[in-house]
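**Student:** I am sharing start.txt, which consists of compact mmCIF, C-alpha atoms and all ligand atoms:
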# COMPACT_ATOMS: atom_id res chain seq x y z
CA MET O 1 -12.37 -31.72 14.27
CA VAL O 2 -15.36 -29.97 12.71
CA GLN O 3 -16.59 -29.62 9.17
CA VAL O 4 -17.77 -26.19 8.02
CA LEU O 5 -19.10 -26.28 4.46
CA ASP O 6 -16.37 -27.95 2.35
CA LYS O 7 -13.52 -27.61 4.84
CA SER O 8 -12.22 -29.43 7.88
CA PHE O 9 -11.06 -27.44 10.87
CA GLU O 10 -9.21 -28.54 14.00
CA VAL O 11 -9.35 -26.97 17.45
CA PHE O 12 -6.88 -24.15 17.79
CA ILE O 13 -7.95 -22.29 20.97
CA THR O 14 -10.35 -24.08 23.32
CA ARG O 15 -13.33 -22.45 24.99
CA ASP O 16 -11.56 -22.66 28.38
CA GLU O 17 -8.45 -20.95 27.02
CA ILE O 18 -10.64 -18.25 25.50
CA GLN O 19 -12.54 -17.77 28.74
CA THR O 20 -9.35 -17.39 30.80
CA GLU O 21 -7.96 -14.86 28.34
CA VAL O 22 -11.21 -12.89 28.17
CA GLU O 23 -11.21 -12.62 31.98
CA SER O 24 -7.64 -11.42 32.02
CA LEU O 25 -8.35 -8.81 29.30
CA ALA O 26 -11.35 -7.57 31.32
CA THR O 27 -9.23 -7.37 34.48
CA LYS O 28 -6.70 -5.14 32.68
CA ILE O 29 -9.41 -2.92 31.22
CA ASN O 30 -11.18 -2.64 34.60
CA ALA O 31 -7.90 -1.55 36.19
CA ASP O 32 -6.88 0.87 33.43
CA PHE O 33 -10.17 2.75 33.31
CA GLU O 34 -11.29 2.71 36.93
CA GLY O 35 -13.59 5.66 37.63
CA GLU O 36 -13.85 6.63 33.93
CA ASP O 37 -16.86 6.92 31.70
CA VAL O 38 -16.22 4.12 29.18
CA VAL O 39 -18.14 3.29 26.01
CA PHE O 40 -17.42 -0.11 24.47
CA ILE O 41 -17.99 -0.30 20.73
CA ALA O 42 -18.22 -3.84 19.42
CA VAL O 43 -17.77 -4.32 15.67
CA LEU O 44 -20.29 -6.73 14.15
CA ASN O 45 -20.68 -9.47 13.09
CA GLY O 46 -17.57 -11.28 14.30
CA SER O 47 -17.25 -9.72 17.76
CA PHE O 48 -20.68 -10.58 19.15
CA MET O 49 -19.54 -13.57 21.23
CA PHE O 50 -16.33 -12.01 22.46
CA ALA O 51 -18.13 -8.77 23.37
CA SER O 52 -20.77 -10.67 25.28
CA ASP O 53 -18.25 -12.68 27.35
CA LEU O 54 -15.99 -9.67 27.88
CA MET O 55 -18.82 -7.45 29.10
CA LYS O 56 -19.83 -10.03 31.71
CA CYS O 57 -16.43 -9.48 33.33
CA ILE O 58 -16.39 -5.68 33.04
CA THR O 59 -17.12 -4.03 36.36
CA LEU O 60 -16.89 -0.41 35.14
CA GLU O 61 -20.03 1.69 34.84
CA SER O 62 -20.07 1.52 31.07
CA GLU O 63 -22.12 1.50 27.90
CA ILE O 64 -21.90 -0.80 24.90
CA SER O 65 -22.86 -0.19 21.31
CA PHE O 66 -22.74 -2.59 18.38
CA VAL O 67 -21.68 -1.09 15.08
CA LYS O 68 -21.16 -2.23 11.51
CA MET O 69 -18.73 -0.79 8.99
CA SER O 70 -20.28 0.00 5.66
CA SER O 71 -18.75 1.43 2.49
CA TYR O 72 -20.67 2.97 -0.34
CA GLU O 73 -19.90 4.92 -3.47
CA GLY O 74 -20.21 8.68 -2.86
CA THR O 75 -20.01 11.44 -5.41
CA SER O 76 -17.12 11.74 -7.84
CA THR O 77 -15.38 14.16 -5.49
CA THR O 78 -15.82 12.15 -2.29
CA GLY O 79 -15.10 8.73 -3.87
CA LYS O 80 -15.77 5.75 -1.59
CA VAL O 81 -17.42 6.74 1.68
CA ASN O 82 -17.06 4.69 4.86
CA GLU O 83 -19.74 4.82 7.48
CA LEU O 84 -20.27 3.37 10.94
CA ILE O 85 -23.81 2.13 11.27
CA GLY O 86 -25.44 1.85 14.67
CA LEU O 87 -23.39 4.29 16.69
CA ASN O 88 -25.89 6.32 18.70
CA ASN O 89 -23.92 7.08 21.85
CA ASN O 90 -22.47 10.50 22.55
CA LEU O 91 -18.70 9.95 22.73
CA GLU O 92 -17.80 13.54 23.64
CA GLY O 93 -15.13 13.38 26.37
CA LYS O 94 -15.55 9.63 26.87
CA THR O 95 -13.06 6.82 26.84
CA VAL O 96 -13.85 4.42 24.01
CA VAL O 97 -12.79 0.79 23.79
CA ILE O 98 -13.34 -0.81 20.39
CA VAL O 99 -14.00 -4.53 20.69
CA GLU O 100 -12.90 -6.63 17.72
CA ASP O 101 -12.81 -10.39 17.22
CA ILE O 102 -9.74 -10.27 14.97
CA ILE O 103 -7.31 -7.72 13.59
CA ASP O 104 -5.84 -9.01 10.40
CA THR O 105 -4.51 -6.46 7.88
CA GLY O 106 -5.65 -3.61 10.16
CA ILE O 107 -7.44 -1.82 7.32
CA THR O 108 -10.90 -1.95 8.93
CA ILE O 109 -9.67 -0.71 12.28
CA ASP O 110 -7.85 2.18 10.59
CA LYS O 111 -11.09 3.17 8.87
CA ILE O 112 -13.03 2.91 12.14
CA MET O 113 -10.44 5.04 13.96
CA THR O 114 -10.71 7.71 11.26
CA LEU O 115 -14.49 7.78 11.57
CA LEU O 116 -14.38 7.88 15.37
CA SER O 117 -11.83 10.68 15.41
CA MET O 118 -14.67 13.06 14.54
CA GLU O 119 -16.76 12.08 17.58
CA GLY O 120 -14.76 13.98 20.21
CA ALA O 121 -13.82 11.00 22.40
CA LYS O 122 -11.16 11.59 25.07
CA GLU O 123 -9.25 8.53 23.95
CA VAL O 124 -9.90 5.48 21.83
CA LYS O 125 -8.38 2.08 22.64
CA VAL O 126 -8.63 -1.14 20.70
CA CYS O 127 -9.17 -4.55 22.24
CA SER O 128 -8.99 -7.53 19.92
CA LEU O 129 -9.31 -11.16 20.89
CA LEU O 130 -7.10 -12.25 17.98
CA TYR O 131 -4.28 -10.44 16.23
CA LYS O 132 -2.27 -11.56 13.19
CA PRO O 133 1.08 -9.74 13.38
CA GLN O 134 2.28 -11.20 10.05
CA ALA O 135 -0.75 -9.89 8.16
CA PHE O 136 -0.91 -6.52 9.90
CA LYS O 137 -0.16 -3.46 7.75
CA GLY O 138 -2.24 -0.86 9.55
CA THR O 139 -1.33 2.02 11.83
CA HIS O 140 -3.38 1.12 14.92
CA LYS O 141 -1.96 -1.94 16.57
CA PRO O 142 -4.45 -3.18 19.21
CA ASP O 143 -3.85 -1.96 22.78
CA TYR O 144 -5.30 -5.13 24.30
CA ILE O 145 -4.60 -8.44 22.57
CA GLY O 146 -6.01 -11.82 23.59
CA PHE O 147 -3.97 -14.08 21.32
CA SER O 148 -1.38 -13.28 18.65
CA ILE O 149 -1.84 -15.94 16.01
CA PRO O 150 -0.08 -16.98 12.78
CA ASN O 151 -1.52 -15.98 9.43
CA ALA O 152 -3.90 -18.96 9.24
CA PHE O 153 -7.58 -19.14 8.44
CA VAL O 154 -9.64 -19.38 11.66
CA VAL O 155 -13.30 -19.89 12.37
CA GLY O 156 -15.61 -20.10 15.40
CA TYR O 157 -16.43 -17.99 18.47
CA GLY O 158 -17.99 -15.38 16.20
CA LEU O 159 -15.62 -15.77 13.24
CA ASP O 160 -17.04 -17.22 10.05
CA TYR O 161 -16.18 -19.14 6.94
CA ASN O 162 -18.63 -17.93 4.29
CA GLU O 163 -20.98 -16.87 7.15
CA LYS O 164 -20.97 -20.35 8.72
CA GLY O 165 -19.27 -21.49 11.91
CA ARG O 166 -19.81 -18.37 14.02
CA ASN O 167 -21.71 -20.43 16.62
CA LEU O 168 -18.75 -22.73 17.49
CA ASP O 169 -17.64 -22.15 21.08
CA SER O 170 -13.92 -22.68 20.41
CA ILE O 171 -11.66 -21.23 17.74
CA TYR O 172 -10.72 -23.62 14.95
CA GLN O 173 -7.96 -23.52 12.37
CA ILE O 174 -8.20 -24.87 8.85
CA LYS O 175 -6.72 -28.34 8.45
CA GLU O 176 -4.21 -27.56 5.73
CA SER O 177 -3.37 -31.08 4.64
CA LYS O 178 -6.99 -31.85 3.79
CA SER O 179 -7.80 -28.54 2.16
CA GLU O 180 -7.63 -28.65 -1.62
CA LYS O 181 -8.46 -24.96 -1.80
CA SER O 182 -5.40 -23.97 0.20
CA LYS O 183 -3.26 -25.95 -2.28
CA MET O 184 -4.57 -24.00 -5.25
CA LEU O 185 -1.95 -22.45 -7.49
CA ASN O 186 -3.03 -18.83 -7.68
CA ILE O 187 -0.56 -16.84 -9.72
CA VAL O 188 -0.68 -13.10 -10.23
CA LEU O 189 1.09 -12.58 -13.56
CA PHE O 190 2.28 -9.03 -13.38
CA GLY O 191 4.03 -6.54 -15.57
CA PRO O 192 3.54 -3.40 -17.66
CA PRO O 193 1.44 -3.39 -20.83
CA GLY O 194 3.30 -5.36 -23.51
CA ALA O 195 5.26 -7.46 -21.01
CA GLY O 196 3.81 -10.66 -22.45
CA LYS O 197 1.34 -11.54 -19.71
CA GLY O 198 -1.37 -12.76 -22.11
CA THR O 199 1.01 -14.92 -24.15
CA GLN O 200 2.63 -16.51 -21.12
CA SER O 201 -0.74 -17.00 -19.40
CA GLU O 202 -1.87 -19.25 -22.24
CA ARG O 203 1.16 -21.51 -21.70
CA LEU O 204 0.85 -21.54 -17.91
CA LYS O 205 -2.80 -22.39 -18.20
CA GLU O 206 -2.02 -25.47 -20.32
CA LYS O 207 0.87 -26.76 -18.26
CA TYR O 208 -0.67 -26.40 -14.78
CA ASP O 209 -4.34 -26.82 -15.68
CA LEU O 210 -5.32 -23.37 -14.49
CA VAL O 211 -8.09 -20.93 -15.24
CA HIS O 212 -6.85 -17.78 -16.96
CA ILE O 213 -8.62 -14.59 -16.00
CA SER O 214 -7.62 -11.40 -17.78
CA THR O 215 -9.67 -8.41 -16.62
CA GLY O 216 -8.78 -6.63 -19.88
CA ASP O 217 -10.24 -9.56 -21.89
CA VAL O 218 -13.31 -9.62 -19.65
CA PHE O 219 -13.93 -5.92 -20.28
CA ARG O 220 -13.41 -6.34 -24.04
CA GLY O 221 -15.72 -9.37 -24.10
CA LEU O 222 -18.73 -7.59 -22.55
CA ASP O 223 -21.82 -6.96 -24.65
CA PRO O 224 -20.69 -3.73 -26.35
CA THR O 225 -24.10 -2.12 -25.92
CA SER O 226 -24.18 -2.70 -22.14
CA GLU O 227 -23.64 0.20 -19.76
CA LEU O 228 -20.70 -1.58 -18.18
CA ALA O 229 -18.95 -2.17 -21.52
CA ILE O 230 -19.39 1.48 -22.51
CA LEU O 231 -18.05 2.62 -19.15
CA ALA O 232 -15.03 0.28 -19.30
CA LYS O 233 -14.27 1.28 -22.90
CA SER O 234 -14.36 4.97 -21.99
CA TYR O 235 -11.41 4.36 -19.63
CA ALA O 236 -9.56 1.68 -21.61
CA ASP O 237 -9.53 3.63 -24.89
CA LYS O 238 -7.69 6.45 -23.17
CA GLY O 239 -5.30 4.09 -21.41
CA ASN O 240 -6.77 4.81 -17.96
CA LEU O 241 -7.76 2.29 -15.32
CA VAL O 242 -11.39 1.32 -14.88
CA PRO O 243 -12.47 2.30 -11.30
CA ASP O 244 -11.63 -0.21 -8.57
CA ASP O 245 -15.16 -0.96 -7.39
CA VAL O 246 -16.32 -1.97 -10.90
CA THR O 247 -13.14 -3.97 -11.61
CA ILE O 248 -13.18 -5.82 -8.29
CA GLN O 249 -16.82 -6.77 -8.74
CA ILE O 250 -16.16 -8.04 -12.26
CA LEU O 251 -13.15 -10.05 -11.12
CA GLU O 252 -14.96 -11.66 -8.19
CA GLY O 253 -17.86 -12.60 -10.45
CA GLU O 254 -15.44 -14.16 -12.93
CA VAL O 255 -13.53 -16.19 -10.29
CA SER O 256 -16.81 -17.45 -8.84
CA LYS O 257 -17.62 -19.07 -12.20
CA TYR O 258 -14.88 -21.67 -11.53
CA PRO O 259 -15.47 -23.11 -8.04
CA ASP O 260 -13.54 -26.31 -8.87
CA ALA O 261 -10.46 -24.70 -10.44
CA HIS O 262 -7.03 -26.09 -9.49
CA GLY O 263 -5.79 -22.56 -9.58
CA VAL O 264 -6.12 -19.24 -11.35
CA ILE O 265 -3.78 -17.00 -13.32
CA TYR O 266 -4.66 -13.41 -12.61
CA ASP O 267 -3.57 -11.44 -15.67
CA GLY O 268 -3.90 -7.66 -15.46
CA PHE O 269 -5.33 -7.85 -11.95
CA PRO O 270 -4.62 -6.50 -9.37
CA ARG O 271 -3.50 -3.18 -10.83
CA THR O 272 -3.92 -1.08 -7.69
CA THR O 273 -3.12 -1.75 -4.04
CA ALA O 274 -6.85 -1.55 -3.24
CA GLN O 275 -7.47 -4.34 -5.79
CA ALA O 276 -4.68 -6.43 -4.21
CA GLU O 277 -6.24 -6.00 -0.77
CA ALA O 278 -9.66 -6.90 -2.13
CA LEU O 279 -8.23 -10.02 -3.78
CA ASP O 280 -6.62 -11.12 -0.49
CA THR O 281 -9.89 -10.68 1.37
CA PHE O 282 -11.88 -12.43 -1.35
CA LEU O 283 -9.54 -15.43 -1.61
CA SER O 284 -9.26 -15.73 2.14
CA SER O 285 -13.08 -15.91 2.38
CA LYS O 286 -12.76 -18.91 0.04
CA GLY O 287 -10.06 -20.53 2.18
CA THR O 288 -7.27 -19.85 -0.31
CA SER O 289 -4.72 -17.17 -1.16
CA VAL O 290 -2.35 -15.80 -3.80
CA THR O 291 0.52 -18.28 -4.14
CA LYS O 292 3.04 -15.96 -5.82
CA MET O 293 3.21 -12.86 -7.96
CA ILE O 294 5.34 -13.41 -11.04
CA SER O 295 6.48 -10.07 -12.33
CA LEU O 296 7.82 -9.80 -15.89
CA VAL O 297 10.49 -7.14 -16.10
CA VAL O 298 10.82 -5.47 -19.52
CA PRO O 299 12.44 -2.11 -20.39
CA GLU O 300 10.16 0.70 -21.54
CA ASP O 301 11.50 0.99 -25.13
CA GLU O 302 10.95 -2.70 -25.73
CA LEU O 303 7.37 -2.43 -24.40
CA LYS O 304 6.56 0.40 -26.79
CA SER O 305 7.85 -1.42 -29.86
CA ARG O 306 6.05 -4.63 -28.84
CA LEU O 307 2.75 -2.77 -28.40
CA ILE O 308 3.01 -0.99 -31.74
CA SER O 309 3.60 -4.30 -33.55
CA ARG O 310 0.84 -5.97 -31.53
CA ALA O 311 -1.62 -3.28 -32.70
CA GLU O 312 -1.44 -4.70 -36.23
CA VAL O 313 -2.88 -8.00 -35.02
CA SER O 314 -4.88 -7.03 -31.93
CA GLY O 315 -6.74 -4.18 -33.60
CA ARG O 316 -6.84 -2.56 -30.15
CA ALA O 317 -7.16 1.23 -30.23
CA ASP O 318 -5.11 1.47 -27.01
CA ASP O 319 -2.17 -0.40 -28.66
CA ALA O 320 -1.97 1.79 -31.75
CA ASP O 321 -1.56 5.33 -30.46
CA PRO O 322 1.85 6.24 -28.93
CA VAL O 323 0.20 8.86 -26.67
CA ILE O 324 -2.16 6.27 -25.21
CA ILE O 325 0.65 3.72 -24.88
CA GLN O 326 2.67 6.29 -22.92
CA ASN O 327 -0.32 6.97 -20.68
CA ARG O 328 -0.72 3.23 -19.99
CA ILE O 329 2.96 2.94 -19.12
CA ASN O 330 2.78 6.02 -16.89
CA THR O 331 -0.30 4.66 -15.12
CA TYR O 332 1.56 1.39 -14.62
CA LYS O 333 4.51 3.20 -13.05
CA SER O 334 2.48 5.47 -10.78
CA THR O 335 -0.41 3.21 -9.71
CA THR O 336 0.28 -0.41 -10.60
CA ALA O 337 4.00 -0.86 -9.84
CA PRO O 338 3.38 -0.40 -6.05
CA VAL O 339 1.31 -3.60 -6.14
CA ALA O 340 4.60 -5.52 -6.48
CA GLU O 341 5.70 -3.99 -3.17
CA PHE O 342 2.47 -5.24 -1.62
CA TYR O 343 3.34 -8.84 -2.55
CA LYS O 344 7.01 -8.35 -1.73
CA GLY O 345 5.85 -7.50 1.80
CA GLN O 346 4.17 -10.91 1.90
CA ASP O 347 7.31 -12.57 0.53
CA LYS O 348 5.42 -13.54 -2.63
CA LEU O 349 7.18 -11.55 -5.33
CA ILE O 350 9.20 -13.39 -8.02
CA GLU O 351 10.81 -11.18 -10.65
CA ILE O 352 11.49 -12.75 -14.06
CA ASP O 353 13.49 -11.26 -16.88
CA GLY O 354 10.85 -10.65 -19.55
CA VAL O 355 13.30 -10.07 -22.41
CA GLY O 356 14.16 -12.92 -24.77
CA SER O 357 12.23 -15.33 -26.94
CA ILE O 358 8.75 -16.36 -25.83
CA ASP O 359 10.03 -19.90 -25.17
CA GLU O 360 12.91 -18.65 -23.05
CA ILE O 361 10.61 -16.56 -20.90
CA THR O 362 8.15 -19.45 -20.56
CA ALA O 363 11.00 -21.71 -19.37
CA ARG O 364 11.99 -19.16 -16.73
CA ILE O 365 8.42 -18.97 -15.42
CA PHE O 366 7.98 -22.76 -15.38
CA ASN O 367 11.24 -23.10 -13.47
CA ALA O 368 10.11 -20.59 -10.87
CA ILE O 369 6.79 -22.36 -10.37
CA ASP O 370 8.28 -25.85 -10.32
CA SER O 371 10.68 -24.86 -7.59
CA LEU O 372 7.91 -23.62 -5.31
CA GLU O 373 7.37 -25.67 -2.19
CA ARG O 374 3.78 -26.82 -2.48
P1 LIG M 1 -5.18 -5.09 -20.59
O1 LIG M 1 -5.84 -5.97 -21.60
O2 LIG M 1 -4.78 -5.84 -19.34
O3 LIG M 1 -4.06 -4.28 -21.17
O4 LIG M 1 -6.30 -4.03 -20.12
C1 LIG M 1 -6.89 -3.12 -21.02
C2 LIG M 1 -7.60 -2.03 -20.24
O5 LIG M 1 -8.65 -2.59 -19.45
C3 LIG M 1 -6.73 -1.26 -19.26
O6 LIG M 1 -5.97 -0.23 -19.86
C4 LIG M 1 -7.78 -0.72 -18.32
O7 LIG M 1 -8.49 0.36 -18.89
C5 LIG M 1 -8.75 -1.89 -18.22
N1 LIG M 1 -8.35 -2.80 -17.13
C6 LIG M 1 -7.95 -4.09 -17.25
N2 LIG M 1 -7.68 -4.62 -16.05
C7 LIG M 1 -7.88 -3.63 -15.14
C8 LIG M 1 -7.72 -3.53 -13.74
N3 LIG M 1 -7.31 -4.57 -13.01
N4 LIG M 1 -8.03 -2.35 -13.15
C9 LIG M 1 -8.47 -1.30 -13.87
N5 LIG M 1 -8.61 -1.32 -15.19
C10 LIG M 1 -8.32 -2.46 -15.84
What does the file become when written as structure tokens?
**Tutor:**
Amino acid sequence: MVQVLDKSFEVFITRDEIQTEVESLATKINADFEGEDVVFIAVLNGSFMFASDLMKCITLESEISFVKMSSYEGTSTTGKVNELIGLNNNLEGKTVVIVEDIIDTGITIDKIMTLLSMEGAKEVKVCSLLYKPQAFKGTHKPDYIGFSIPNAFVVGYGLDYNEKGRNLDSIYQIKESKSEKSKMLNIVLFGPPGAGKGTQSERLKEKYDLVHISTGDVFRGLDPTSELAILAKSYADKGNLVPDDVTIQILEGEVSKYPDAHGVIYDGFPRTTAQAEALDTFLSSKGTSVTKMISLVVPEDELKSRLISRAEVSGRADDADPVIIQNRINTYKSTTAPVAEFYKGQDKLIEIDGVGSIDEITARIFNAIDSLER
């Protein structure tokens, strides 16, 4: 067993098992590409150890390049731009083998494939030491797989936990029973505007001793003269979503304020699939995950009348105007509702009837949480 930061890990795949598998992967690649001009592209940081051991067994006349994926904000028309840093080989007409330590959701490899498709390679194959079939949602399943593993948190042999543990020569798995973080109750409380998320969050917070994070409240609580507050208000007042990169950054900053929380209620986040993916990645880097999404189901007419009456007490501009309310509901339907599908795919969606008295709805939510196996 090893300790990395605050967590205990137990051996999952030994160095000998890794070595045997690396040799067998290299044997297949040597056979498949005999006589071809092959460029290996190893994706940093995680793949450095695997790439090094693999290349020692490659007998092809080949090149290797180490690249990093980077994303940055482009112009308003290009949106987020992905870039591969460090690729200086000419791939024209070559066979490319991407070397990855792990393929999890498959999002990174999809982005890399898109970027490489412009380089004129003859063919591009993917070789990953580890592959998580249960987490995979991408379009490029690896062509060469060392080990298919369950959806557990692993570290070592290049893989990190908060940047530590990459130097371990075996692969380790988190020791669930000892990990408090993995037992956290992380609830995404979901539903259209006016579904009662804020009201129910207050009750959940009390009963289960959770931290309540509402991105809407965070935006409204910013110093109103700050650039960020002005930007957020410019979207919120019209009933539009604040851009993902700003919202994700705000959310991560907020969660990081409570390192000892027993759990978190995410209220009003995630509202886009990109936010849901970012939350998964963020929580997984902290050794935890979303426990369940609780989705409050309320018909549209009821939402509208609730929001109009709420406006009298909330004083919120976006609650008072029927045109803005409609825009918020439309944005929910087009952009936010698919997030439920995202969690359904992970078997984490619980739908709750959100019509009835506040107490009745609270009782339904408590029941659902109390019957979770934890
Ligand atoms: P709420 O209080 O949850 O109704 O949020 C009020 C407004 O804040 C929304 O209409 C959005 O403009 C903004 N907002 C809150 N949460 C998010 C989010 N997760 N993504 C984008 N915008 C958000």
**Student:** Work out how far CA of Ile294 (chain O) is from CA of Lys348 (chain O), in Å to one decimal.
**Tutor:**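 So the two atoms, CA of Lys348 (chain O) and CA of Ile294 (chain O), lie 8.4 Å apart.
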**Student:** Which is closest to Phe147 (chain O) among O:Leu228, O:Val298, O:Ile13, O:Ile324, if we use only C-alpha atoms?
**Tutor:** O:Ile13
**Student:** Taking all atoms listed in the file into account, produce a table as a tab-separated table in which each residue of region 165-221 of chain O with an atom at most 12 Å from an atom of region 239-250 of chain O appears once, together with its shortest atom pair and the distance in Å to one decimal, ordered by chain and rising number.
**Tutor:**
residue	atom	partner	partner_atom	distance
O:Pro193	CA	O:Gly239	CA	10.1
O:Ile213	CA	O:Ile250	CA	10.7
O:Ser214	CA	O:Ile250	CA	10.7
O:Thr215	CA	O:Thr247	CA	7.5
O:Gly216	CA	O:Thr247	CA	9.7
O:Asp217	CA	O:Ile250	CA	11.4
O:Val218	CA	O:Ile250	CA	8.1
O:Phe219	CA	O:Ile250	CA	8.6
O:Gly221	CA	O:Ile250	CA	11.9
**Student:** Write out as an MDAnalysis selection string the residues lying within 7 Å of region 92-94 of chain O, counting only C-alpha atoms and excluding same-chain residues fewer than 2 positions away.
**Tutor:** chainID O and resid 37:39 90 96 119:122
**Student:** Report as a tab-separated table: every residue of region 133-226 of chain O with an atom at most 8 Å from region 230-236 of chain O, its closest pair of atoms, and their distance in Å to one decimal, counting all atoms listed in the file, with rows sorted by chain and ascending residue number.
**Tutor:**
residue	atom	partner	partner_atom	distance
O:Phe219	CA	O:Ala232	CA	6.4
O:Arg220	CA	O:Lys233	CA	7.8
O:Pro224	CA	O:Ile230	CA	6.6
O:Thr225	CA	O:Ile230	CA	6.8
O:Ser226	CA	O:Ile230	CA	6.4
**Student:** Between CA of Met49 (chain O) and CA of Arg166 (chain O), what is the distance in Å, rounded to a tenth?
**Tutor:**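 Separation between CA of Met49 (chain O) and CA of Arg166 (chain O): 8.7 Å.
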**Student:** Taking into account only C-alpha atoms, which residue in the set O:Gly158, O:Pro259, O:Pro338, O:Pro270 is nearest to Gly287 (chain O)?
**Tutor:**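 For Gly287 (chain O), the nearest of the candidates is O:Pro259.
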**Student:** Show me, as lines of an AutoDock Vina configuration file, the centre and edge lengths in Å to one decimal of the axis-aligned box that covers every listed atom of region 326-335 of chain O with 6 Å on each side.
**Tutor:**
center_x = 1.9
center_y = 4.2
center_z = -16.3
size_x = 17.2
size_y = 17.6
size_z = 25.2
**Student:** Which one is closest to Lys111 (chain O): O:Ile365, O:Ile308, O:Met69, O:Leu87? Count only C-alpha atoms.
**Tutor:** O:Met69
**Student:** List as a ChimeraX atom specification the protein and nucleic acid residues near Ile145 (chain O), meaning an atom at most 12 Å away when all atoms listed in the file are counted, but skip any in the same chain fewer than 6 places from it.
**Tutor:** /O:18,21-22,24-26,28-29,98-103,125-133
**Student:** Between CA of Ile171 (chain O) and CA of Val155 (chain O), what is the distance, to one decimal in Å?
**Tutor:**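 Here the two named atoms are 5.8 Å from each other.
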